[in-house]
$ cat final27.cif   # mmCIF, C-alpha atoms
data_run
#
loop_
_atom_site.group_PDB
_atom_site.id
_atom_site.type_symbol
_atom_site.label_atom_id
_atom_site.label_comp_id
_atom_site.auth_asym_id
_atom_site.auth_seq_id
_atom_site.Cartn_x
_atom_site.Cartn_y
_atom_site.Cartn_z
ATOM 1 C CA MET A 1 0.000 0.000 0.000
ATOM 2 C CA ASP A 2 1.550 3.292 -1.153
ATOM 3 C CA TRP A 3 0.404 5.911 1.367
ATOM 4 C CA ASN A 4 1.793 8.754 -0.723
ATOM 5 C CA ASN A 5 -0.524 7.860 -3.595
ATOM 6 C CA ILE A 6 -3.500 7.466 -1.246
ATOM 7 C CA GLN A 7 -2.804 10.827 0.368
ATOM 8 C CA ASN A 8 -2.345 12.591 -2.962
ATOM 9 C CA PHE A 9 -5.535 11.034 -4.333
ATOM 10 C CA SER A 10 -7.431 12.121 -1.221
ATOM 11 C CA SER A 11 -6.025 15.628 -1.553
ATOM 12 C CA ASN A 12 -7.232 15.790 -5.176
ATOM 13 C CA ILE A 13 -10.688 14.723 -3.993
ATOM 14 C CA VAL A 14 -10.577 17.582 -1.467
ATOM 15 C CA PHE A 15 -9.883 19.997 -4.331
ATOM 16 C CA GLY A 16 -12.935 18.744 -6.224
ATOM 17 C CA ILE A 17 -15.154 18.929 -3.147
ATOM 18 C CA LEU A 18 -14.048 22.483 -2.386
ATOM 19 C CA LEU A 19 -14.698 23.501 -5.993
ATOM 20 C CA PHE A 20 -18.203 22.066 -5.730
ATOM 21 C CA SER A 21 -18.767 23.732 -2.359
ATOM 22 C CA MET A 22 -17.644 27.131 -3.665
ATOM 23 C CA THR A 23 -19.994 26.845 -6.643
ATOM 24 C CA VAL A 24 -22.908 25.976 -4.361
ATOM 25 C CA TYR A 25 -22.199 28.919 -2.061
ATOM 26 C CA TRP A 26 -21.935 31.384 -4.924
ATOM 27 C CA ILE A 27 -25.151 30.182 -6.546
ATOM 28 C CA SER A 28 -26.891 30.374 -3.175
ATOM 29 C CA LEU A 29 -25.578 33.877 -2.495
ATOM 30 C CA PHE A 30 -26.146 35.512 -5.867
ATOM 31 C CA PHE A 31 -29.214 33.723 -7.208
ATOM 32 C CA LEU A 32 -31.018 32.146 -4.260
ATOM 33 C CA GLU A 33 -30.892 34.909 -1.664
ATOM 34 C CA GLY A 34 -33.173 34.392 1.288
ATOM 35 C CA THR A 35 -32.855 30.587 1.243
ATOM 36 C CA ASN A 36 -30.409 28.559 3.325
ATOM 37 C CA SER A 37 -31.267 25.002 2.308
ATOM 38 C CA PHE A 38 -29.034 25.081 -0.784
ATOM 39 C CA SER A 39 -26.084 26.601 1.105
ATOM 40 C CA ARG A 40 -26.288 23.733 3.595
ATOM 41 C CA VAL A 41 -25.130 21.435 0.795
ATOM 42 C CA GLY A 42 -22.022 23.581 0.423
ATOM 43 C CA ARG A 43 -21.417 23.544 4.157
ATOM 44 C CA LEU A 44 -21.769 19.754 4.295
ATOM 45 C CA SER A 45 -19.289 19.447 1.426
ATOM 46 C CA SER A 46 -16.818 21.626 3.355
ATOM 47 C CA VAL A 47 -17.193 19.380 6.401
ATOM 48 C CA ILE A 48 -16.387 16.312 4.257
ATOM 49 C CA ALA A 49 -13.342 18.069 2.779
ATOM 50 C CA ASN A 50 -12.213 19.013 6.274
ATOM 51 C CA ILE A 51 -12.485 15.418 7.479
ATOM 52 C CA LEU A 52 -10.480 14.191 4.481
ATOM 53 C CA LEU A 53 -7.743 16.744 5.159
ATOM 54 C CA PHE A 54 -7.631 15.653 8.785
ATOM 55 C CA PHE A 55 -7.223 12.036 7.610
ATOM 56 C CA ILE A 56 -4.382 13.030 5.256
ATOM 57 C CA LEU A 57 -2.501 14.932 7.953
ATOM 58 C CA CYS A 58 -2.942 12.190 10.564
ATOM 59 C CA SER A 59 -1.868 9.441 8.149
ATOM 60 C CA ARG A 60 1.274 11.383 7.197
ATOM 61 C CA TRP A 61 2.039 11.845 10.898
ATOM 62 C CA ILE A 62 1.645 8.125 11.615
ATOM 63 C CA VAL A 63 3.504 6.864 8.536
ATOM 64 C CA ALA A 64 6.370 9.383 8.583
ATOM 65 C CA GLY A 65 6.694 9.454 12.360
ATOM 66 C CA TYR A 66 6.798 13.239 12.761
ATOM 67 C CA PHE A 67 4.324 16.111 12.859
ATOM 68 C CA PRO A 68 3.338 16.836 9.212
ATOM 69 C CA LEU A 69 4.690 20.361 8.912
ATOM 70 C CA SER A 70 8.184 19.735 7.576
ATOM 71 C CA ASN A 71 7.743 21.002 4.007
ATOM 72 C CA LEU A 72 5.674 23.380 1.916
ATOM 73 C CA TYR A 73 3.135 20.776 0.789
ATOM 74 C CA GLU A 74 2.306 19.683 4.321
ATOM 75 C CA SER A 75 2.065 23.252 5.569
ATOM 76 C CA LEU A 76 -0.344 24.133 2.751
ATOM 77 C CA LEU A 77 -2.584 21.195 3.652
ATOM 78 C CA PHE A 78 -2.470 22.166 7.327
ATOM 79 C CA LEU A 79 -3.289 25.778 6.436
ATOM 80 C CA THR A 80 -6.266 24.659 4.323
ATOM 81 C CA TRP A 81 -7.563 22.434 7.129
ATOM 82 C CA THR A 82 -7.224 25.225 9.687
ATOM 83 C CA LEU A 83 -8.993 27.754 7.452
ATOM 84 C CA LEU A 84 -11.900 25.365 6.880
ATOM 85 C CA THR A 85 -12.184 24.575 10.584
ATOM 86 C CA ILE A 86 -12.312 28.237 11.607
ATOM 87 C CA TYR A 87 -14.721 29.132 8.788
ATOM 88 C CA LEU A 88 -17.121 26.340 9.798
ATOM 89 C CA TYR A 89 -17.079 27.600 13.373
ATOM 90 C CA ILE A 90 -17.694 31.215 12.359
ATOM 91 C CA GLU A 91 -20.522 30.260 10.028
ATOM 92 C CA SER A 92 -22.183 28.248 12.791
ATOM 93 C CA LYS A 93 -22.144 31.399 14.920
ATOM 94 C CA THR A 94 -23.089 34.011 12.321
ATOM 95 C CA LYS A 95 -25.489 31.869 10.247
ATOM 96 C CA SER A 96 -24.188 33.800 7.251
ATOM 97 C CA LYS A 97 -23.462 32.045 3.967
ATOM 98 C CA LEU A 98 -21.325 35.016 2.965
ATOM 99 C CA MET A 99 -18.501 33.604 5.099
ATOM 100 C CA GLY A 100 -18.316 30.423 3.058
ATOM 101 C CA ALA A 101 -18.631 32.311 -0.214
ATOM 102 C CA ILE A 102 -15.469 34.328 0.448
ATOM 103 C CA LEU A 103 -13.364 31.891 2.505
ATOM 104 C CA ILE A 104 -13.800 28.651 0.562
ATOM 105 C CA PRO A 105 -12.224 30.161 -2.605
ATOM 106 C CA VAL A 106 -9.099 30.961 -0.560
ATOM 107 C CA ALA A 107 -8.942 27.393 0.747
ATOM 108 C CA LEU A 108 -9.500 26.134 -2.806
ATOM 109 C CA LEU A 109 -6.610 28.210 -4.180
ATOM 110 C CA ILE A 110 -4.264 27.031 -1.426
ATOM 111 C CA ASN A 111 -5.191 23.393 -1.958
ATOM 112 C CA GLY A 112 -4.939 23.791 -5.737
ATOM 113 C CA PHE A 113 -1.482 25.324 -5.417
ATOM 114 C CA ALA A 114 -0.377 22.371 -3.261
ATOM 115 C CA ASN A 115 -1.745 19.714 -5.608
ATOM 116 C CA LEU A 116 -1.313 21.214 -9.062
ATOM 117 C CA THR A 117 1.846 23.317 -8.760
ATOM 118 C CA LEU A 118 4.197 21.424 -6.487
ATOM 119 C CA SER A 119 6.042 18.475 -8.000
ATOM 120 C CA ALA A 120 5.373 14.878 -6.938
ATOM 121 C CA ASP A 121 8.721 14.761 -5.142
ATOM 122 C CA MET A 122 7.808 17.808 -3.058
ATOM 123 C CA GLN A 123 4.522 16.163 -2.082
ATOM 124 C CA LYS A 124 6.134 13.021 -0.714
ATOM 125 C CA SER A 125 7.008 12.472 2.923
ATOM 126 C CA SER A 126 10.761 12.418 3.372
ATOM 127 C CA PRO A 127 13.212 12.114 6.287
ATOM 128 C CA LEU A 128 13.735 15.310 8.233
ATOM 129 C CA VAL A 129 16.881 17.314 7.607
ATOM 130 C CA PRO A 130 19.069 17.640 10.731
ATOM 131 C CA ALA A 131 17.932 21.190 11.560
ATOM 132 C CA LEU A 132 14.289 20.037 11.670
ATOM 133 C CA GLN A 133 14.930 17.113 13.993
ATOM 134 C CA SER A 134 13.845 19.005 17.071
ATOM 135 C CA ASN A 135 10.946 18.982 19.513
ATOM 136 C CA TRP A 136 10.451 22.647 18.629
ATOM 137 C CA LEU A 137 9.208 21.703 15.144
ATOM 138 C CA MET A 138 5.639 21.085 16.300
ATOM 139 C CA MET A 139 5.525 24.071 18.654
ATOM 140 C CA HIS A 140 6.984 26.688 16.340
ATOM 141 C CA VAL A 141 5.538 25.693 12.986
ATOM 142 C CA SER A 142 2.066 24.779 14.255
ATOM 143 C CA MET A 143 1.744 28.127 16.062
ATOM 144 C CA MET A 144 2.873 30.002 12.958
ATOM 145 C CA MET A 145 0.439 28.138 10.718
ATOM 146 C CA LEU A 146 -2.434 28.695 13.156
ATOM 147 C CA SER A 147 -1.568 32.389 13.208
ATOM 148 C CA TYR A 148 -1.418 32.539 9.405
ATOM 149 C CA ALA A 149 -4.834 30.879 9.089
ATOM 150 C CA THR A 150 -6.576 33.114 11.621
ATOM 151 C CA LEU A 151 -4.887 36.316 10.482
ATOM 152 C CA ILE A 152 -5.578 35.569 6.802
ATOM 153 C CA MET A 153 -9.231 35.050 7.643
ATOM 154 C CA GLY A 154 -9.487 38.178 9.782
ATOM 155 C CA SER A 155 -7.683 40.356 7.251
ATOM 156 C CA LEU A 156 -9.801 38.952 4.415
ATOM 157 C CA LEU A 157 -12.898 40.148 6.273
ATOM 158 C CA CYS A 158 -11.230 43.574 6.491
ATOM 159 C CA ILE A 159 -10.834 43.607 2.709
ATOM 160 C CA LEU A 160 -14.480 42.615 2.297
ATOM 161 C CA PHE A 161 -15.456 45.449 4.654
ATOM 162 C CA LEU A 162 -13.669 47.983 2.426
ATOM 163 C CA ILE A 163 -15.292 46.553 -0.714
ATOM 164 C CA ILE A 164 -18.827 46.610 0.673
ATOM 165 C CA SER A 165 -18.411 50.057 2.243
ATOM 166 C CA LYS A 166 -16.828 51.278 -1.022
ATOM 167 C CA ASN A 167 -13.910 52.621 1.047
ATOM 168 C CA GLN A 168 -16.172 55.150 2.743
ATOM 169 C CA GLU A 169 -16.363 56.077 6.417
ATOM 170 C CA ILE A 170 -19.219 54.153 8.036
ATOM 171 C CA ASN A 171 -20.658 55.050 11.425
ATOM 172 C CA LEU A 172 -20.938 51.581 12.935
ATOM 173 C CA LYS A 173 -22.132 53.034 16.231
ATOM 174 C CA ALA A 174 -25.383 53.867 14.460
ATOM 175 C CA ILE A 175 -26.542 50.340 15.208
ATOM 176 C CA ASP A 176 -28.192 50.287 18.613
ATOM 177 C CA GLU A 177 -27.303 47.071 20.436
ATOM 178 C CA SER A 178 -30.934 46.543 21.403
ATOM 179 C CA TYR A 179 -31.854 46.209 17.750
ATOM 180 C CA LEU A 180 -29.161 43.669 16.862
ATOM 181 C CA PRO A 181 -31.447 40.611 17.318
ATOM 182 C CA PHE A 182 -33.841 42.132 14.773
ATOM 183 C CA TYR A 183 -31.008 42.830 12.349
ATOM 184 C CA ASN A 184 -29.672 39.282 12.762
ATOM 185 C CA VAL A 185 -32.970 37.968 11.404
ATOM 186 C CA MET A 186 -32.563 40.220 8.365
ATOM 187 C CA VAL A 187 -28.930 39.377 7.547
ATOM 188 C CA ASP A 188 -29.502 36.167 5.563
ATOM 189 C CA TYR A 189 -31.792 38.009 3.178
ATOM 190 C CA TYR A 190 -30.000 41.328 2.900
ATOM 191 C CA GLU A 191 -26.372 40.186 2.850
ATOM 192 C CA ALA A 192 -26.852 39.508 -0.859
ATOM 193 C CA GLN A 193 -28.289 42.979 -1.415
ATOM 194 C CA PHE A 194 -25.214 45.023 -0.486
ATOM 195 C CA PHE A 195 -24.149 45.290 -4.135
ATOM 196 C CA SER A 196 -26.876 47.814 -4.953
ATOM 197 C CA PRO A 197 -28.943 48.833 -1.908
ATOM 198 C CA SER A 198 -32.090 50.488 -3.159
ATOM 199 C CA ASN A 199 -34.002 51.460 -0.042
ATOM 200 C CA GLU A 200 -33.682 52.297 3.628
ATOM 201 C CA VAL A 201 -34.221 48.733 4.803
ATOM 202 C CA SER A 202 -31.436 47.328 2.636
ATOM 203 C CA GLU A 203 -29.166 50.096 3.934
ATOM 204 C CA LEU A 204 -29.888 48.850 7.448
ATOM 205 C CA GLY A 205 -29.055 45.319 6.340
ATOM 206 C CA LYS A 206 -25.825 46.560 4.799
ATOM 207 C CA LEU A 207 -24.939 48.419 7.990
ATOM 208 C CA LYS A 208 -25.557 45.297 10.056
ATOM 209 C CA LEU A 209 -23.391 43.258 7.694
ATOM 210 C CA LEU A 210 -20.549 45.783 7.976
ATOM 211 C CA HIS A 211 -20.896 45.779 11.758
ATOM 212 C CA SER A 212 -20.666 41.972 11.773
ATOM 213 C CA LEU A 213 -17.609 41.964 9.475
ATOM 214 C CA ASP A 214 -15.847 44.580 11.609
ATOM 215 C CA ASN A 215 -16.611 42.694 14.813
ATOM 216 C CA TRP A 216 -15.568 39.271 13.539
ATOM 217 C CA SER A 217 -12.376 40.549 11.896
ATOM 218 C CA TYR A 218 -11.390 42.085 15.245
ATOM 219 C CA ARG A 219 -12.150 38.902 17.171
ATOM 220 C CA ILE A 220 -10.326 36.626 14.710
ATOM 221 C CA ILE A 221 -7.235 38.848 14.480
ATOM 222 C CA GLY A 222 -7.272 39.086 18.273
ATOM 223 C CA LEU A 223 -7.133 35.280 18.351
ATOM 224 C CA GLY A 224 -4.404 34.974 15.715
ATOM 225 C CA PHE A 225 -2.040 37.564 17.200
ATOM 226 C CA PRO A 226 -1.149 35.507 20.329
ATOM 227 C CA PHE A 227 -0.492 32.495 18.068
ATOM 228 C CA LEU A 228 1.898 34.638 16.018
ATOM 229 C CA THR A 229 3.637 35.926 19.137
ATOM 230 C CA ILE A 230 4.088 32.431 20.595
ATOM 231 C CA GLY A 231 5.295 31.135 17.214
ATOM 232 C CA ILE A 232 7.955 33.844 16.898
ATOM 233 C CA ILE A 233 9.195 33.279 20.456
ATOM 234 C CA ALA A 234 9.318 29.505 19.955
ATOM 235 C CA GLY A 235 11.186 30.074 16.684
ATOM 236 C CA GLY A 236 13.759 32.198 18.486
ATOM 237 C CA VAL A 237 14.369 29.490 21.086
ATOM 238 C CA TRP A 238 14.648 26.875 18.339
ATOM 239 C CA ALA A 239 17.050 29.067 16.363
ATOM 240 C CA ASN A 240 19.295 29.441 19.406
ATOM 241 C CA GLU A 241 19.277 25.671 19.845
ATOM 242 C CA ALA A 242 20.059 24.997 16.166
ATOM 243 C CA TRP A 243 22.263 27.940 15.160
ATOM 244 C CA GLY A 244 23.397 29.513 18.433
ATOM 245 C CA SER A 245 21.483 32.772 17.971
ATOM 246 C CA TYR A 246 17.938 33.812 18.904
ATOM 247 C CA TRP A 247 17.636 36.277 16.029
ATOM 248 C CA SER A 248 19.636 36.477 12.801
ATOM 249 C CA TRP A 249 17.605 38.990 10.744
ATOM 250 C CA ASP A 250 16.922 36.195 8.303
ATOM 251 C CA PRO A 251 14.393 37.335 5.614
ATOM 252 C CA LYS A 252 11.744 35.065 7.122
ATOM 253 C CA GLU A 253 12.383 36.444 10.601
ATOM 254 C CA THR A 254 12.313 40.012 9.335
ATOM 255 C CA TRP A 255 8.961 39.572 7.579
ATOM 256 C CA ALA A 256 7.546 37.743 10.599
ATOM 257 C CA LEU A 257 8.458 40.807 12.653
ATOM 258 C CA ILE A 258 6.843 43.112 10.076
ATOM 259 C CA THR A 259 3.690 40.973 10.215
ATOM 260 C CA TRP A 260 3.695 41.164 14.008
ATOM 261 C CA ILE A 261 4.072 44.966 13.942
ATOM 262 C CA ILE A 262 1.191 45.377 11.452
ATOM 263 C CA PHE A 263 -1.276 43.397 13.542
ATOM 264 C CA ALA A 264 0.037 44.828 16.821
ATOM 265 C CA THR A 265 -0.748 48.262 15.368
ATOM 266 C CA TYR A 266 -4.219 47.040 14.372
ATOM 267 C CA LEU A 267 -5.004 45.798 17.885
ATOM 268 C CA HIS A 268 -3.425 48.825 19.561
ATOM 269 C CA SER A 269 -5.507 51.224 17.471
ATOM 270 C CA ARG A 270 -8.705 49.370 18.370
ATOM 271 C CA ILE A 271 -8.005 48.859 22.060
ATOM 272 C CA THR A 272 -6.400 52.159 23.027
ATOM 273 C CA LYS A 273 -7.553 54.549 20.288
ATOM 274 C CA GLY A 274 -11.054 53.184 19.823
ATOM 275 C CA TRP A 275 -10.671 52.939 16.047
ATOM 276 C CA GLU A 276 -13.088 50.804 14.065
ATOM 277 C CA GLY A 277 -14.459 50.512 10.560
ATOM 278 C CA LYS A 278 -12.432 51.886 7.669
ATOM 279 C CA LYS A 279 -9.215 52.801 9.517
ATOM 280 C CA THR A 280 -8.664 49.390 11.070
ATOM 281 C CA ALA A 281 -9.910 47.628 7.932
ATOM 282 C CA ILE A 282 -7.102 49.292 5.976
ATOM 283 C CA LEU A 283 -4.537 48.042 8.497
ATOM 284 C CA GLY A 284 -5.984 44.542 8.367
ATOM 285 C CA SER A 285 -5.988 44.582 4.561
ATOM 286 C CA ILE A 286 -2.300 45.494 4.493
ATOM 287 C CA GLY A 287 -1.685 42.592 6.848
ATOM 288 C CA PHE A 288 -3.296 40.187 4.360
ATOM 289 C CA PHE A 289 -0.595 40.832 1.761
ATOM 290 C CA VAL A 290 2.226 40.956 4.320
ATOM 291 C CA ILE A 291 1.280 37.478 5.577
ATOM 292 C CA TRP A 292 1.581 35.983 2.102
ATOM 293 C CA ILE A 293 4.977 37.622 1.595
ATOM 294 C CA CYS A 294 6.124 36.197 4.926
ATOM 295 C CA TYR A 295 4.692 32.739 4.265
ATOM 296 C CA LEU A 296 5.458 32.152 0.577
ATOM 297 C CA GLY A 297 7.237 35.174 -0.904
ATOM 298 C CA VAL A 298 10.388 34.792 1.160
ATOM 299 C CA ASN A 299 10.639 31.078 0.373
ATOM 300 C CA PHE A 300 10.334 31.680 -3.370
ATOM 301 C CA LEU A 301 13.469 33.797 -3.141
ATOM 302 C CA GLY A 302 15.322 30.688 -1.933
ATOM 303 C CA LYS A 303 17.485 32.704 0.431
ATOM 304 C CA GLY A 304 18.058 32.596 4.151
ATOM 305 C CA LEU A 305 17.951 29.955 6.863
ATOM 306 C CA HIS A 306 14.318 29.068 6.151
ATOM 307 C CA SER A 307 14.750 28.105 2.484
ATOM 308 C CA TYR A 308 15.471 24.423 3.192
ATOM 309 C CA GLY A 309 12.643 21.938 3.095
ATOM 310 C CA TRP A 310 10.366 24.280 1.153
ATOM 311 C CA LEU A 311 11.394 25.068 -2.399
ATOM 312 C CA SER A 312 14.336 23.640 -4.225
#
$ encode --input "final27.cif" --output "C-alpha cells"
Amino acid sequence: MDWNNIQNFSSNIVFGILLFSMTVYWISLFFLEGTNSFSRVGRLSSVIANILLFFILCSRWIVAGYFPLSNLYESLLFLTWTLLTIYLYIESKTKSKLMGAILIPVALLINGFANLTLSADMQKSSPLVPALQSNWLMMHVSMMMLSYATLIMGSLLCILFLIISKNQEINLKAIDESYLPFYNVMVDYYEAQFFSPSNEVSELGKLKLLHSLDNWSYRIIGLGFPFLTIGIIAGGVWANEAWGSYWSWDPKETWALITWIIFATYLHSRITKGWEGKKTAILGSIGFFVIWICYLGVNFLGKGLHSYGWLS
C-alpha cells in the first residue's frame, strides 16, 4: 500500500469537493438569496473536505513518524484544514453564507497550489533534515500556521469590509445594540443585497453586515495575534538551539516581525484609540498581503535559513 498515492488522491478529492462547495455557495448567495437550504449542501461538502484533510494529515504523521509540517506541501494542507475549521465555526455562529462564499475560494486556491503546482517529489514524505529534527518543530511551525490561518481570515474580512463600504467612512455606532437581534434575522436576506442597496431597509441590512464583518475581523485577528507571538518566540528558542542565535535577521524572521508589527498596530488602534471601521480595515488589509509575503514570498526567493525543506 503506497500511502503517498492514497494521500495525494485524497487531496485531489478535497480539491474537487471544495470547488463544488464554492460553486454551491456562490449560486446560493447571488441567485437564491433568502434561502439557506441550498447553502447547507455547500457547508456539508466543506465538512467532508475538512475530514479528508484531517485524515491526510494524521496518516502522514503516523507513517512518517513526525508532525506533518516539515515542508511546503504539508504546511499548505495544514493551512487549508485550519482555514476550513475556523470558517465552519464562524458560520455556525453568524449563520451567514457570505462567510463560506469568500473563505472557501481561498482554501480552494491554497489546496490547488499544493496539488497542481508542487512536484510529486515535493509532495512526498521524506526524512527530516538535521535542523528540523527538534521537539520545537511542532511548537513553532504549528503556532505560525495557526496564526497565518486566523490572520488571513481576519484580514480577508477587512478587505471585504472595504469593498462593501466602497472605502467610505461608516458610522458603525449607528446600530443600537438593542436592535441587533432584529437585524440578525434580516442578515440572511439582505447580505446579498449590499451590491446595490435600493431602499432604507437594505441600507440597514448593509450596515448590520458591515458591523458583523468589523466585529468578527477584530475577534479573529485578536485570536491569531497571540499564536503569532508564541510562534515567533518559539522560533527564536529553536534558532538558538540549532544555530546559536535567537535572532539572525533572516528574511523570514524580518517579515515575521513586520507581520507582528502590522497586527500589533491594528489591535493597539482598536483597544487604546477606539478605532473601528475603515481605519482598522485598511490596516488589516495590508496585513493580508504581508502574511503571504512572509509565508510564501520569502521562500520563493530561496534565500536565508528558512529556504530548506520548502522550495528547491
$ closest_residue --input "final27.cif" --among "A:Thr94, A:Thr80, A:Thr23, A:Asn167" --to "Lys278 of chain A" --atoms "all atoms listed in the file"
A:Asn167
$ resolve_selection --input "final27.cif" --expression "the PyMOL selection byres ((chain A and resi 51-64) around 9)" --output "VMD selection string"
chain A and resid 3 to 4 6 to 8 10 to 11 13 to 14 46 to 50 65 to 68 74 77 to 78 80 to 81 125 to 127
$ resolve_selection --input "final27.cif" --expression "the PyMOL selection byres ((chain A and resi 265) around 12)" --output "VMD selection string"
chain A and resid 221 to 222 225 258 to 264 266 to 273 275 279 to 284 286 to 287
$ atom_distance --input "final27.cif" --atom1 "atom CA of Ser21 of chain A" --atom2 "atom CA of Arg43 of chain A"
7.0 Å
$ closest_residue --input "final27.cif" --among "A:Leu157, A:Val41, A:Leu69, A:Val290" --to "Met138 of chain A" --atoms "only C-alpha atoms"
A:Leu69
$ residues_around --input "final27.cif" --residues "Ile220 of chain A" --least-positions-apart "4" --cutoff "10 Å" --atoms "only C-alpha atoms" --output "list in words"
Ile86, Ile90, Ser147, Ala149, Thr150, Leu151, Ile152, Met153, Gly154, Ser155, Leu157, Asn215, Trp216, Gly224 and Phe225 of chain A
$ write_last_selection --input "final27.cif" --atoms "C-alpha atoms" --output "PDB file, in the frame of the given file"
ATOM      1  CA  ILE A  86     -12.312  28.237  11.607  1.00  0.00           C
ATOM      2  CA  ILE A  90     -17.694  31.215  12.359  1.00  0.00           C
ATOM      3  CA  SER A 147      -1.568  32.389  13.208  1.00  0.00           C
ATOM      4  CA  ALA A 149      -4.834  30.879   9.089  1.00  0.00           C
ATOM      5  CA  THR A 150      -6.576  33.114  11.621  1.00  0.00           C
ATOM      6  CA  LEU A 151      -4.887  36.316  10.482  1.00  0.00           C
ATOM      7  CA  ILE A 152      -5.578  35.569   6.802  1.00  0.00           C
ATOM      8  CA  MET A 153      -9.231  35.050   7.643  1.00  0.00           C
ATOM      9  CA  GLY A 154      -9.487  38.178   9.782  1.00  0.00           C
ATOM     10  CA  SER A 155      -7.683  40.356   7.251  1.00  0.00           C
ATOM     11  CA  LEU A 157     -12.898  40.148   6.273  1.00  0.00           C
ATOM     12  CA  ASN A 215     -16.611  42.694  14.813  1.00  0.00           C
ATOM     13  CA  TRP A 216     -15.568  39.271  13.539  1.00  0.00           C
ATOM     14  CA  GLY A 224      -4.404  34.974  15.715  1.00  0.00           C
ATOM     15  CA  PHE A 225      -2.040  37.564  17.200  1.00  0.00           C
TER      16      PHE A 225
END
$ atom_distance --input "final27.cif" --atom1 "atom CA of Leu29 of chain A" --atom2 "atom CA of Ile104 of chain A"
13.2 Å
$ atom_distance --input "final27.cif" --atom1 "atom CA of Met139 of chain A" --atom2 "atom CA of Phe227 of chain A"
10.4 Å
$ closest_residue --input "final27.cif" --among "A:Trp243, A:Trp238, A:Phe31, A:Tyr218" --to "Val141 of chain A" --atoms "only C-alpha atoms"
A:Trp238
$ resolve_selection --input "final27.cif" --expression "the PyMOL selection byres ((chain A and resi 107-119) around 9)" --output "PyMOL selection string"
chain A and resi 8+11-12+14-16+18-19+22+72-74+76-77+79-81+83-84+103-106+120-123
$ closest_residue --input "final27.cif" --among "A:Leu156, A:Val298, A:Ala256, A:Leu210" --to "Gln168 of chain A" --atoms "all atoms listed in the file"
A:Leu210
$ decode --input "final27.cif" --residues "segment 76-120 of chain A" --atoms "C-alpha atoms" --output "CSV table (one decimal), in the first residue's frame"
chain,number,residue,atom,x,y,z
A,76,LEU,CA,-0.3,24.1,2.8
A,77,LEU,CA,-2.6,21.2,3.7
A,78,PHE,CA,-2.5,22.2,7.3
A,79,LEU,CA,-3.3,25.8,6.4
A,80,THR,CA,-6.3,24.7,4.3
A,81,TRP,CA,-7.6,22.4,7.1
A,82,THR,CA,-7.2,25.2,9.7
A,83,LEU,CA,-9.0,27.8,7.5
A,84,LEU,CA,-11.9,25.4,6.9
A,85,THR,CA,-12.2,24.6,10.6
A,86,ILE,CA,-12.3,28.2,11.6
A,87,TYR,CA,-14.7,29.1,8.8
A,88,LEU,CA,-17.1,26.3,9.8
A,89,TYR,CA,-17.1,27.6,13.4
A,90,ILE,CA,-17.7,31.2,12.4
A,91,GLU,CA,-20.5,30.3,10.0
A,92,SER,CA,-22.2,28.2,12.8
A,93,LYS,CA,-22.1,31.4,14.9
A,94,THR,CA,-23.1,34.0,12.3
A,95,LYS,CA,-25.5,31.9,10.2
A,96,SER,CA,-24.2,33.8,7.3
A,97,LYS,CA,-23.5,32.0,4.0
A,98,LEU,CA,-21.3,35.0,3.0
A,99,MET,CA,-18.5,33.6,5.1
A,100,GLY,CA,-18.3,30.4,3.1
A,101,ALA,CA,-18.6,32.3,-0.2
A,102,ILE,CA,-15.5,34.3,0.4
A,103,LEU,CA,-13.4,31.9,2.5
A,104,ILE,CA,-13.8,28.7,0.6
A,105,PRO,CA,-12.2,30.2,-2.6
A,106,VAL,CA,-9.1,31.0,-0.6
A,107,ALA,CA,-8.9,27.4,0.7
A,108,LEU,CA,-9.5,26.1,-2.8
A,109,LEU,CA,-6.6,28.2,-4.2
A,110,ILE,CA,-4.3,27.0,-1.4
A,111,ASN,CA,-5.2,23.4,-2.0
A,112,GLY,CA,-4.9,23.8,-5.7
A,113,PHE,CA,-1.5,25.3,-5.4
A,114,ALA,CA,-0.4,22.4,-3.3
A,115,ASN,CA,-1.7,19.7,-5.6
A,116,LEU,CA,-1.3,21.2,-9.1
A,117,THR,CA,1.8,23.3,-8.8
A,118,LEU,CA,4.2,21.4,-6.5
A,119,SER,CA,6.0,18.5,-8.0
A,120,ALA,CA,5.4,14.9,-6.9
